[in-house]
Amino acid sequence: MKTRRLWHGIATASAFAMALCCAAQTEQPLASSSSASTEIGVPIAGFSETMVTYAREVLVRINQIRSEEKLKPVRLNWKLAEASLWHAKDMASKGYFDHKDSLGRTSKDRIEALGIKDWKVIAQNIAGGAADPATVVKMWMDSPGHRKNILRPDVTEMGIGYYFDPDSKYLKYWVQDFLGR
């Protein structure tokens, strides 16, 4: 049995609007796995150097926050980041801002399409307009729904997608996908 929770929020910043949105899906618990490593897999060739650097910076910031809350750290899953980046690019290039992509798929659909099917929890935060990792993490932490996703004790992995499009509404698009196994 699956339950869905959706949270939506909008935040504004000095020169332009920054948008935020988050969603979560939960399924019955499965066996969990753990590793001492902070990353699962390796960045794919299609990831820009900026995207890889930003993903690692977001991971550090998220894990600092989780540590302060006495939660276990999450690991950066590069396969999950493929789904995150695809969604960020799709939003920027197709001119929309939503958890459903231009093909009508949810984060669950995108993640499962990459072969990740052994999950018990999927949660997603999206943002538009944040200049850098510090700004996007602050935006998410200042929003109750996004904060809840970041501080979920049942998530163990995270993917980050960052995409810059100078011709898009928000210029910079961020997608944060969480996974618990």
# chains A, B, ... in the order shown; residues from 1 in each chain; ligands from 1
call {"tool": "residues_around", "arguments": {"residues": "Pro166 (chain A)", "least_positions_apart": "5", "cutoff": "10 Å", "atoms": "only C-alpha atoms", "output": "PDB file with all heavy atoms, in the first residue's frame"}}
result
ATOM      1  N   ALA A  92      13.795  23.079 -17.035  1.00  0.00           N
ATOM      2  CA  ALA A  92      14.397  24.281 -17.619  1.00  0.00           C
ATOM      3  C   ALA A  92      14.093  24.391 -19.114  1.00  0.00           C
ATOM      4  O   ALA A  92      13.676  25.448 -19.595  1.00  0.00           O
ATOM      5  CB  ALA A  92      15.909  24.274 -17.389  1.00  0.00           C
ATOM      6  N   LEU A 171      16.506  30.255 -14.397  1.00  0.00           N
ATOM      7  CA  LEU A 171      17.936  30.166 -14.725  1.00  0.00           C
ATOM      8  C   LEU A 171      18.598  28.911 -14.164  1.00  0.00           C
ATOM      9  O   LEU A 171      19.250  28.179 -14.883  1.00  0.00           O
ATOM     10  CB  LEU A 171      18.719  31.397 -14.257  1.00  0.00           C
ATOM     11  CG  LEU A 171      18.249  32.749 -14.779  1.00  0.00           C
ATOM     12  CD1 LEU A 171      19.086  33.869 -14.178  1.00  0.00           C
ATOM     13  CD2 LEU A 171      18.269  32.793 -16.287  1.00  0.00           C
ATOM     14  N   LYS A 172      18.444  28.690 -12.845  1.00  0.00           N
ATOM     15  CA  LYS A 172      19.079  27.548 -12.176  1.00  0.00           C
ATOM     16  C   LYS A 172      18.000  26.668 -11.566  1.00  0.00           C
ATOM     17  O   LYS A 172      17.168  27.143 -10.802  1.00  0.00           O
ATOM     18  CB  LYS A 172      20.059  28.026 -11.112  1.00  0.00           C
ATOM     19  CG  LYS A 172      21.204  28.825 -11.716  1.00  0.00           C
ATOM     20  CD  LYS A 172      22.181  29.311 -10.683  1.00  0.00           C
ATOM     21  CE  LYS A 172      23.301  30.065 -11.387  1.00  0.00           C
ATOM     22  NZ  LYS A 172      24.375  30.425 -10.470  1.00  0.00           N
TER      23      LYS A 172
END
call {"tool": "residues_around", "arguments": {"residues": "region 102-108 of chain A", "least_positions_apart": "6", "cutoff": "12 Å", "atoms": "only C-alpha atoms", "output": "PyMOL selection string"}}
result
chain A and resi 2+4+6+22-27+80-96+114-126+159+175-179
call {"tool": "write_last_selection", "arguments": {"atoms": "N, CA and C atoms", "output": "CSV table (one decimal), in the first residue's frame"}}
result
chain,number,residue,atom,x,y,z
A,2,LYS,N,0.6,2.2,-0.9
A,2,LYS,CA,1.4,3.4,-1.0
A,2,LYS,C,0.6,4.6,-0.5
A,4,ARG,N,0.8,8.9,-0.4
A,4,ARG,CA,1.5,10.0,-1.0
A,4,ARG,C,1.3,11.3,-0.2
A,6,LEU,N,2.1,15.4,-0.5
A,6,LEU,CA,2.7,16.5,-1.3
A,6,LEU,C,2.7,17.8,-0.5
A,22,CYS,N,8.1,20.3,-2.9
A,22,CYS,CA,8.6,19.0,-2.4
A,22,CYS,C,7.5,18.0,-2.4
A,23,ALA,N,7.8,16.7,-2.5
A,23,ALA,CA,6.8,15.6,-2.5
A,23,ALA,C,7.5,14.4,-1.8
A,24,ALA,N,6.6,13.5,-1.3
A,24,ALA,CA,7.1,12.3,-0.7
A,24,ALA,C,6.2,11.1,-1.1
A,25,GLN,N,6.7,9.9,-1.2
A,25,GLN,CA,6.0,8.7,-1.4
A,25,GLN,C,6.5,7.7,-0.5
A,26,THR,N,5.7,6.9,0.1
A,26,THR,CA,6.1,5.9,1.1
A,26,THR,C,5.5,4.5,0.7
A,27,GLU,N,6.3,3.5,0.9
A,27,GLU,CA,5.8,2.1,0.7
A,27,GLU,C,6.1,1.3,1.9
A,80,LEU,N,20.9,7.8,-8.8
A,80,LEU,CA,19.7,8.6,-8.5
A,80,LEU,C,19.9,10.0,-9.0
A,81,ALA,N,21.1,10.5,-9.0
A,81,ALA,CA,21.4,11.8,-9.5
A,81,ALA,C,21.0,11.9,-11.0
A,82,GLU,N,21.1,10.8,-11.7
A,82,GLU,CA,20.7,10.8,-13.2
A,82,GLU,C,19.3,11.2,-13.3
A,83,ALA,N,18.4,10.7,-12.5
A,83,ALA,CA,17.0,11.0,-12.5
A,83,ALA,C,16.8,12.5,-12.1
A,84,SER,N,17.5,12.9,-11.1
A,84,SER,CA,17.4,14.3,-10.6
A,84,SER,C,17.9,15.3,-11.7
A,85,LEU,N,19.0,15.0,-12.3
A,85,LEU,CA,19.5,15.9,-13.4
A,85,LEU,C,18.5,15.9,-14.6
A,86,TRP,N,18.1,14.8,-15.0
A,86,TRP,CA,17.1,14.7,-16.1
A,86,TRP,C,15.9,15.6,-15.9
A,87,HIS,N,15.4,15.5,-14.6
A,87,HIS,CA,14.2,16.3,-14.3
A,87,HIS,C,14.5,17.8,-14.3
A,88,ALA,N,15.7,18.2,-13.7
A,88,ALA,CA,16.1,19.6,-13.7
A,88,ALA,C,16.2,20.2,-15.2
A,89,LYS,N,16.9,19.4,-16.0
A,89,LYS,CA,17.0,19.8,-17.4
A,89,LYS,C,15.6,19.9,-18.1
A,90,ASP,N,14.8,18.9,-17.9
A,90,ASP,CA,13.5,18.9,-18.5
A,90,ASP,C,12.7,20.1,-18.1
A,91,MET,N,12.7,20.5,-16.8
A,91,MET,CA,11.9,21.7,-16.3
A,91,MET,C,12.5,22.9,-17.0
A,92,ALA,N,13.8,23.1,-17.0
A,92,ALA,CA,14.4,24.3,-17.6
A,92,ALA,C,14.1,24.4,-19.1
A,93,SER,N,14.3,23.3,-19.8
A,93,SER,CA,14.1,23.4,-21.3
A,93,SER,C,12.7,23.4,-21.8
A,94,LYS,N,11.8,22.8,-21.0
A,94,LYS,CA,10.4,22.8,-21.4
A,94,LYS,C,9.5,23.9,-20.7
A,95,GLY,N,10.1,24.7,-19.8
A,95,GLY,CA,9.4,25.8,-19.2
A,95,GLY,C,8.3,25.5,-18.2
A,96,TYR,N,8.5,24.5,-17.3
A,96,TYR,CA,7.6,24.2,-16.3
A,96,TYR,C,8.3,24.1,-15.0
A,114,LEU,N,15.3,3.9,-14.2
A,114,LEU,CA,16.7,3.7,-14.2
A,114,LEU,C,17.1,2.4,-13.5
A,115,GLY,N,16.1,1.6,-13.2
A,115,GLY,CA,16.4,0.3,-12.6
A,115,GLY,C,16.4,0.2,-11.1
A,116,ILE,N,16.1,1.4,-10.4
A,116,ILE,CA,16.1,1.4,-8.9
A,116,ILE,C,14.7,1.0,-8.5
A,117,LYS,N,14.5,-0.2,-8.1
A,117,LYS,CA,13.1,-0.6,-7.8
A,117,LYS,C,13.0,-1.2,-6.3
A,118,ASP,N,14.1,-1.3,-5.6
A,118,ASP,CA,14.1,-1.8,-4.3
A,118,ASP,C,14.0,-0.7,-3.2
A,119,TRP,N,13.1,0.2,-3.4
A,119,TRP,CA,13.0,1.3,-2.4
A,119,TRP,C,11.8,1.1,-1.5
A,120,LYS,N,11.9,1.8,-0.4
A,120,LYS,CA,10.7,1.8,0.5
A,120,LYS,C,10.2,3.2,0.7
A,121,VAL,N,11.0,4.2,0.4
A,121,VAL,CA,10.6,5.6,0.5
A,121,VAL,C,11.3,6.4,-0.6
A,122,ILE,N,10.5,7.3,-1.2
A,122,ILE,CA,11.1,8.2,-2.2
A,122,ILE,C,10.5,9.6,-1.8
A,123,ALA,N,11.4,10.6,-1.7
A,123,ALA,CA,11.0,11.9,-1.5
A,123,ALA,C,11.7,12.9,-2.4
A,124,GLN,N,11.1,14.0,-2.7
A,124,GLN,CA,11.8,14.9,-3.7
A,124,GLN,C,11.6,16.4,-3.3
A,125,ASN,N,12.6,17.1,-3.4
A,125,ASN,CA,12.5,18.6,-3.3
A,125,ASN,C,13.0,19.2,-4.6
A,126,ILE,N,12.3,20.2,-5.1
A,126,ILE,CA,12.8,21.0,-6.2
A,126,ILE,C,12.9,22.4,-5.9
A,159,GLY,N,20.1,11.9,-4.4
A,159,GLY,CA,20.6,12.3,-5.7
A,159,GLY,C,20.4,13.8,-5.9
A,175,VAL,N,17.1,19.7,-8.3
A,175,VAL,CA,16.2,18.6,-7.9
A,175,VAL,C,17.0,17.7,-7.0
A,176,GLN,N,16.3,17.5,-5.8
A,176,GLN,CA,16.9,16.6,-4.8
A,176,GLN,C,16.0,15.5,-4.6
A,177,ASP,N,16.5,14.3,-5.0
A,177,ASP,CA,15.7,13.0,-4.8
A,177,ASP,C,16.3,12.3,-3.6
A,178,PHE,N,15.4,11.8,-2.7
A,178,PHE,CA,15.8,11.0,-1.6
A,178,PHE,C,15.3,9.6,-1.8
A,179,LEU,N,16.0,8.6,-1.2
A,179,LEU,CA,15.6,7.2,-1.3
A,179,LEU,C,15.9,6.5,0.0
call {"tool": "select_by_dssp", "arguments": {"residues": "region 30-151 of chain A", "states": "alpha helix (DSSP H)", "output": "ChimeraX atom specification"}}
result
/A:49-68,78-94,107-113,133-141,144-150
call {"tool": "closest_residue", "arguments": {"among": "A:Ala127, A:Met158, A:Leu71, A:Leu76", "to": "Pro43 (chain A)", "atoms": "only C-alpha atoms"}}
result
A:Leu76
call {"tool": "closest_residue", "arguments": {"among": "A:Met139, A:Ile65, A:Val74, A:Ala131", "to": "Asp154 (chain A)", "atoms": "only C-alpha atoms"}}
result
A:Val74
call {"tool": "atom_distance", "arguments": {"atom1": "CA of Lys70 (chain A)", "atom2": "CA of Gly180 (chain A)"}}
result
17.3 Å
call {"tool": "decode", "arguments": {"residues": "region 100-135 of chain A", "atoms": "N, CA, C and O atoms", "output": "PDB file, in the first residue's frame"}}
result
ATOM      1  N   LYS A 100       5.859  16.419 -11.544  1.00  0.00           N
ATOM      2  CA  LYS A 100       5.618  15.607 -12.726  1.00  0.00           C
ATOM      3  C   LYS A 100       6.399  16.216 -13.884  1.00  0.00           C
ATOM      4  O   LYS A 100       6.380  17.428 -14.082  1.00  0.00           O
ATOM      5  N   ASP A 101       7.080  15.356 -14.647  1.00  0.00           N
ATOM      6  CA  ASP A 101       7.873  15.859 -15.767  1.00  0.00           C
ATOM      7  C   ASP A 101       7.007  16.067 -17.009  1.00  0.00           C
ATOM      8  O   ASP A 101       5.794  15.861 -16.980  1.00  0.00           O
ATOM      9  N   SER A 102       7.630  16.471 -18.085  1.00  0.00           N
ATOM     10  CA  SER A 102       6.891  16.777 -19.313  1.00  0.00           C
ATOM     11  C   SER A 102       6.247  15.537 -19.932  1.00  0.00           C
ATOM     12  O   SER A 102       5.400  15.648 -20.805  1.00  0.00           O
ATOM     13  N   LEU A 103       6.655  14.357 -19.481  1.00  0.00           N
ATOM     14  CA  LEU A 103       6.063  13.106 -19.960  1.00  0.00           C
ATOM     15  C   LEU A 103       4.978  12.595 -19.006  1.00  0.00           C
ATOM     16  O   LEU A 103       4.448  11.508 -19.196  1.00  0.00           O
ATOM     17  N   GLY A 104       4.701  13.380 -17.946  1.00  0.00           N
ATOM     18  CA  GLY A 104       3.685  13.002 -16.974  1.00  0.00           C
ATOM     19  C   GLY A 104       4.173  12.043 -15.896  1.00  0.00           C
ATOM     20  O   GLY A 104       3.372  11.495 -15.137  1.00  0.00           O
ATOM     21  N   ARG A 105       5.488  11.837 -15.802  1.00  0.00           N
ATOM     22  CA  ARG A 105       6.046  10.890 -14.836  1.00  0.00           C
ATOM     23  C   ARG A 105       6.377  11.572 -13.506  1.00  0.00           C
ATOM     24  O   ARG A 105       6.756  12.729 -13.477  1.00  0.00           O
ATOM     25  N   THR A 106       6.259  10.801 -12.417  1.00  0.00           N
ATOM     26  CA  THR A 106       6.638  11.262 -11.083  1.00  0.00           C
ATOM     27  C   THR A 106       8.101  10.897 -10.819  1.00  0.00           C
ATOM     28  O   THR A 106       8.724  10.179 -11.621  1.00  0.00           O
ATOM     29  N   SER A 107       8.628  11.351  -9.682  1.00  0.00           N
ATOM     30  CA  SER A 107      10.001  10.979  -9.321  1.00  0.00           C
ATOM     31  C   SER A 107      10.116   9.455  -9.207  1.00  0.00           C
ATOM     32  O   SER A 107      11.120   8.872  -9.633  1.00  0.00           O
ATOM     33  N   LYS A 108       9.108   8.806  -8.668  1.00  0.00           N
ATOM     34  CA  LYS A 108       9.097   7.338  -8.573  1.00  0.00           C
ATOM     35  C   LYS A 108       9.245   6.708  -9.960  1.00  0.00           C
ATOM     36  O   LYS A 108      10.052   5.795 -10.150  1.00  0.00           O
ATOM     37  N   ASP A 109       8.505   7.213 -10.931  1.00  0.00           N
ATOM     38  CA  ASP A 109       8.576   6.670 -12.292  1.00  0.00           C
ATOM     39  C   ASP A 109       9.970   6.846 -12.889  1.00  0.00           C
ATOM     40  O   ASP A 109      10.508   5.920 -13.508  1.00  0.00           O
ATOM     41  N   ARG A 110      10.563   8.040 -12.707  1.00  0.00           N
ATOM     42  CA  ARG A 110      11.897   8.306 -13.262  1.00  0.00           C
ATOM     43  C   ARG A 110      12.955   7.430 -12.604  1.00  0.00           C
ATOM     44  O   ARG A 110      13.849   6.905 -13.270  1.00  0.00           O
ATOM     45  N   ILE A 111      12.849   7.278 -11.293  1.00  0.00           N
ATOM     46  CA  ILE A 111      13.819   6.478 -10.548  1.00  0.00           C
ATOM     47  C   ILE A 111      13.706   5.003 -10.929  1.00  0.00           C
ATOM     48  O   ILE A 111      14.716   4.336 -11.190  1.00  0.00           O
ATOM     49  N   GLU A 112      12.496   4.503 -10.995  1.00  0.00           N
ATOM     50  CA  GLU A 112      12.311   3.096 -11.378  1.00  0.00           C
ATOM     51  C   GLU A 112      12.727   2.844 -12.825  1.00  0.00           C
ATOM     52  O   GLU A 112      13.213   1.762 -13.152  1.00  0.00           O
ATOM     53  N   ALA A 113      12.584   3.837 -13.705  1.00  0.00           N
ATOM     54  CA  ALA A 113      13.008   3.690 -15.103  1.00  0.00           C
ATOM     55  C   ALA A 113      14.524   3.490 -15.205  1.00  0.00           C
ATOM     56  O   ALA A 113      15.011   2.901 -16.174  1.00  0.00           O
ATOM     57  N   LEU A 114      15.261   3.947 -14.203  1.00  0.00           N
ATOM     58  CA  LEU A 114      16.714   3.749 -14.171  1.00  0.00           C
ATOM     59  C   LEU A 114      17.094   2.416 -13.533  1.00  0.00           C
ATOM     60  O   LEU A 114      18.272   2.124 -13.357  1.00  0.00           O
ATOM     61  N   GLY A 115      16.099   1.618 -13.162  1.00  0.00           N
ATOM     62  CA  GLY A 115      16.371   0.304 -12.600  1.00  0.00           C
ATOM     63  C   GLY A 115      16.419   0.248 -11.084  1.00  0.00           C
ATOM     64  O   GLY A 115      16.728  -0.791 -10.510  1.00  0.00           O
ATOM     65  N   ILE A 116      16.125   1.354 -10.417  1.00  0.00           N
ATOM     66  CA  ILE A 116      16.111   1.367  -8.948  1.00  0.00           C
ATOM     67  C   ILE A 116      14.686   1.031  -8.520  1.00  0.00           C
ATOM     68  O   ILE A 116      13.798   1.870  -8.595  1.00  0.00           O
ATOM     69  N   LYS A 117      14.489  -0.201  -8.095  1.00  0.00           N
ATOM     70  CA  LYS A 117      13.129  -0.647  -7.756  1.00  0.00           C
ATOM     71  C   LYS A 117      13.019  -1.167  -6.330  1.00  0.00           C
ATOM     72  O   LYS A 117      11.929  -1.470  -5.870  1.00  0.00           O
ATOM     73  N   ASP A 118      14.126  -1.252  -5.621  1.00  0.00           N
ATOM     74  CA  ASP A 118      14.117  -1.819  -4.268  1.00  0.00           C
ATOM     75  C   ASP A 118      14.046  -0.733  -3.197  1.00  0.00           C
ATOM     76  O   ASP A 118      14.754  -0.759  -2.214  1.00  0.00           O
ATOM     77  N   TRP A 119      13.139   0.193  -3.379  1.00  0.00           N
ATOM     78  CA  TRP A 119      13.010   1.303  -2.432  1.00  0.00           C
ATOM     79  C   TRP A 119      11.812   1.091  -1.520  1.00  0.00           C
ATOM     80  O   TRP A 119      10.892   0.361  -1.846  1.00  0.00           O
ATOM     81  N   LYS A 120      11.862   1.759  -0.353  1.00  0.00           N
ATOM     82  CA  LYS A 120      10.686   1.792   0.519  1.00  0.00           C
ATOM     83  C   LYS A 120      10.170   3.217   0.664  1.00  0.00           C
ATOM     84  O   LYS A 120       9.016   3.423   0.976  1.00  0.00           O
ATOM     85  N   VAL A 121      11.029   4.218   0.432  1.00  0.00           N
ATOM     86  CA  VAL A 121      10.643   5.630   0.527  1.00  0.00           C
ATOM     87  C   VAL A 121      11.318   6.404  -0.594  1.00  0.00           C
ATOM     88  O   VAL A 121      12.511   6.213  -0.858  1.00  0.00           O
ATOM     89  N   ILE A 122      10.549   7.261  -1.238  1.00  0.00           N
ATOM     90  CA  ILE A 122      11.090   8.223  -2.199  1.00  0.00           C
ATOM     91  C   ILE A 122      10.525   9.585  -1.803  1.00  0.00           C
ATOM     92  O   ILE A 122       9.341   9.718  -1.540  1.00  0.00           O
ATOM     93  N   ALA A 123      11.391  10.576  -1.733  1.00  0.00           N
ATOM     94  CA  ALA A 123      10.961  11.948  -1.453  1.00  0.00           C
ATOM     95  C   ALA A 123      11.721  12.869  -2.395  1.00  0.00           C
ATOM     96  O   ALA A 123      12.833  12.557  -2.821  1.00  0.00           O
ATOM     97  N   GLN A 124      11.134  14.006  -2.724  1.00  0.00           N
ATOM     98  CA  GLN A 124      11.773  14.913  -3.666  1.00  0.00           C
ATOM     99  C   GLN A 124      11.556  16.365  -3.265  1.00  0.00           C
ATOM    100  O   GLN A 124      10.464  16.744  -2.858  1.00  0.00           O
ATOM    101  N   ASN A 125      12.618  17.147  -3.390  1.00  0.00           N
ATOM    102  CA  ASN A 125      12.541  18.602  -3.276  1.00  0.00           C
ATOM    103  C   ASN A 125      12.985  19.185  -4.609  1.00  0.00           C
ATOM    104  O   ASN A 125      13.938  18.689  -5.217  1.00  0.00           O
ATOM    105  N   ILE A 126      12.316  20.241  -5.053  1.00  0.00           N
ATOM    106  CA  ILE A 126      12.762  20.956  -6.240  1.00  0.00           C
ATOM    107  C   ILE A 126      12.860  22.436  -5.895  1.00  0.00           C
ATOM    108  O   ILE A 126      12.196  22.914  -4.976  1.00  0.00           O
ATOM    109  N   ALA A 127      13.721  23.141  -6.605  1.00  0.00           N
ATOM    110  CA  ALA A 127      13.873  24.579  -6.390  1.00  0.00           C
ATOM    111  C   ALA A 127      14.292  25.225  -7.703  1.00  0.00           C
ATOM    112  O   ALA A 127      14.945  24.600  -8.534  1.00  0.00           O
ATOM    113  N   GLY A 128      13.931  26.474  -7.848  1.00  0.00           N
ATOM    114  CA  GLY A 128      14.340  27.244  -9.011  1.00  0.00           C
ATOM    115  C   GLY A 128      14.887  28.584  -8.574  1.00  0.00           C
ATOM    116  O   GLY A 128      14.328  29.225  -7.687  1.00  0.00           O
ATOM    117  N   GLY A 129      16.004  28.989  -9.166  1.00  0.00           N
ATOM    118  CA  GLY A 129      16.554  30.313  -8.911  1.00  0.00           C
ATOM    119  C   GLY A 129      17.656  30.400  -7.884  1.00  0.00           C
ATOM    120  O   GLY A 129      18.311  31.434  -7.794  1.00  0.00           O
ATOM    121  N   ALA A 130      17.892  29.362  -7.101  1.00  0.00           N
ATOM    122  CA  ALA A 130      18.937  29.423  -6.075  1.00  0.00           C
ATOM    123  C   ALA A 130      20.309  29.487  -6.735  1.00  0.00           C
ATOM    124  O   ALA A 130      20.616  28.691  -7.615  1.00  0.00           O
ATOM    125  N   ALA A 131      21.128  30.429  -6.290  1.00  0.00           N
ATOM    126  CA  ALA A 131      22.414  30.680  -6.929  1.00  0.00           C
ATOM    127  C   ALA A 131      23.456  29.599  -6.691  1.00  0.00           C
ATOM    128  O   ALA A 131      24.324  29.370  -7.541  1.00  0.00           O
ATOM    129  N   ASP A 132      23.408  28.927  -5.542  1.00  0.00           N
ATOM    130  CA  ASP A 132      24.478  27.993  -5.185  1.00  0.00           C
ATOM    131  C   ASP A 132      23.974  26.990  -4.150  1.00  0.00           C
ATOM    132  O   ASP A 132      22.848  27.117  -3.658  1.00  0.00           O
ATOM    133  N   PRO A 133      24.809  25.996  -3.806  1.00  0.00           N
ATOM    134  CA  PRO A 133      24.374  24.987  -2.837  1.00  0.00           C
ATOM    135  C   PRO A 133      23.945  25.563  -1.486  1.00  0.00           C
ATOM    136  O   PRO A 133      22.942  25.124  -0.919  1.00  0.00           O
ATOM    137  N   ALA A 134      24.667  26.533  -0.970  1.00  0.00           N
ATOM    138  CA  ALA A 134      24.304  27.118   0.328  1.00  0.00           C
ATOM    139  C   ALA A 134      22.915  27.737   0.271  1.00  0.00           C
ATOM    140  O   ALA A 134      22.106  27.567   1.191  1.00  0.00           O
ATOM    141  N   THR A 135      22.619  28.431  -0.801  1.00  0.00           N
ATOM    142  CA  THR A 135      21.323  29.097  -0.946  1.00  0.00           C
ATOM    143  C   THR A 135      20.195  28.092  -1.078  1.00  0.00           C
ATOM    144  O   THR A 135      19.150  28.224  -0.434  1.00  0.00           O
TER     145      THR A 135
END
